Every structure is written in structure tokens, then in C-alpha cells.
Amino acid sequence: MDNEITVLMQFVAKPSEADAFGARLRESALDRSRHPGSLRVTAQRDLNAPWRFTLLEVFESQQAIDAYYATSIHQRWEQRVAPLLVEMTGEDQSVILDWCCVRGLRIPDPGESGS
């Protein structure tokens, strides 16, 4: 987990292009999830502002991110979605906690001491 990098992207689609962008984001998320070094991909659409989208990706390293961004698949995706967008922002973040709760069962963080 020390080298993992989370990429958080936020998109604002033109309202008239929101459905088309959502479809392309879903396709891209599936493609990204198959790329070597990709650990997790989550694509979300805002319930209250359906033209806003978030993409959360976790990569095993900066090298994995760089390798994916250098692919022709990613470059073509950026060209295809640019006309559908009003805004695209993103930032790289390091993972400091990855906590999960499944059906009410709390899964402790590996750094927590057991009792």
C-alpha cells in the first residue's frame, strides 16, 4: 500500500452530452481496470447533478499510471470526450487508509492493533 497512488478525476459534462459522456466513462473505466498496475477503478455519477462524474482509480505505482496514460487507448479516449466536457480536473493522492465495511461486518485496517 505504500506505493499505491489514487487518481481522483472529476468531470463536468455538457448537460446535453451527459449520457454520452457517462457511457464513454464506463467503457474507459472497464478498460482501465484491465490495465497492468490498475488495482481499483470506480466511476460515479452525481445523483443531484447528473452532468457531474467522478473517477477514482488506484494504481500500484507512478510507473503504472504513466504507462496507462501513454497508451493510445487513453489518448484516443481523451480526444473523444473533450468535446463532451465543460471541465475536467484531477489530482494524484497517496492512500493513507483503505477501510471497507461489507454487510455490516467491519474489516479492520491492517495497521490497527488487535485485542
# chains A, B, ... in the order shown; residues from 1 in each chain; ligands from 1
$ residues_around --residues "Leu8 of chain A" --least-positions-apart "6" --cutoff "8 Å" --atoms "only C-alpha atoms" --output "MDAnalysis selection string"
chainID A and resid 54:57 90:93
$ select_by_dssp --residues "chain A" --states "strand (DSSP E or B)" --output "JSON, numbers by chain"
{"A": [5, 6, 7, 8, 9, 10, 11, 12, 13, 38, 39, 40, 41, 42, 43, 44, 45, 52, 53, 54, 55, 56, 57, 58, 59, 85, 86, 87, 88, 89, 90, 91, 92, 93, 94, 100, 101, 102, 105, 106, 107]}
$ residues_around --residues "segment 11-21 of chain A" --least-positions-apart "5" --cutoff "9 Å" --atoms "only C-alpha atoms" --output "JSON, numbers by chain"
{"A": [26, 50, 51, 52, 53, 54, 55, 81, 83, 84, 85, 86, 87, 88, 89, 90]}
$ select_by_dssp --residues "chain A" --states "alpha helix (DSSP H)" --output "PyMOL selection string"
chain A and resi 18-33+62-69+72-81
$ write_last_selection --atoms "C-alpha atoms" --output "tab-separated table (two decimals), in the first residue's frame"
chain	number	residue	atom	x	y	z
A	18	ALA	CA	-24.09	13.80	-20.00
A	19	ASP	CA	-25.46	10.41	-21.08
A	20	ALA	CA	-22.92	10.09	-23.90
A	21	PHE	CA	-20.08	11.02	-21.55
A	22	GLY	CA	-21.33	8.58	-18.91
A	23	ALA	CA	-21.28	5.75	-21.45
A	24	ARG	CA	-17.74	6.63	-22.51
A	25	LEU	CA	-16.58	6.92	-18.91
A	26	ARG	CA	-17.99	3.48	-18.16
A	27	GLU	CA	-16.17	1.99	-21.18
A	28	SER	CA	-12.97	3.71	-20.11
A	29	ALA	CA	-13.29	2.51	-16.51
A	30	LEU	CA	-13.62	-1.08	-17.70
A	31	ASP	CA	-10.57	-0.66	-19.95
A	32	ARG	CA	-8.56	0.95	-17.15
A	33	SER	CA	-9.42	-1.90	-14.77
A	62	GLN	CA	3.52	6.01	-10.53
A	63	GLN	CA	5.05	3.87	-13.28
A	64	ALA	CA	1.72	2.08	-13.76
A	65	ILE	CA	-0.08	5.42	-14.10
A	66	ASP	CA	2.48	6.72	-16.58
A	67	ALA	CA	2.28	3.52	-18.63
A	68	TYR	CA	-1.50	3.72	-18.86
A	69	TYR	CA	-1.54	7.42	-19.77
A	72	SER	CA	-3.03	5.11	-27.50
A	73	ILE	CA	-6.30	3.87	-25.95
A	74	HIS	CA	-6.13	6.54	-23.24
A	75	GLN	CA	-5.09	9.27	-25.66
A	76	ARG	CA	-7.97	8.43	-28.03
A	77	TRP	CA	-10.40	8.46	-25.06
A	78	GLU	CA	-9.29	11.96	-24.08
A	79	GLN	CA	-9.83	13.15	-27.66
A	80	ARG	CA	-13.29	11.53	-27.81
A	81	VAL	CA	-14.55	13.03	-24.54
$ closest_residue --among "A:Asn48, A:Ser94, A:Gln10, A:Thr42" --to "Ser61 of chain A" --atoms "only C-alpha atoms"
A:Ser94
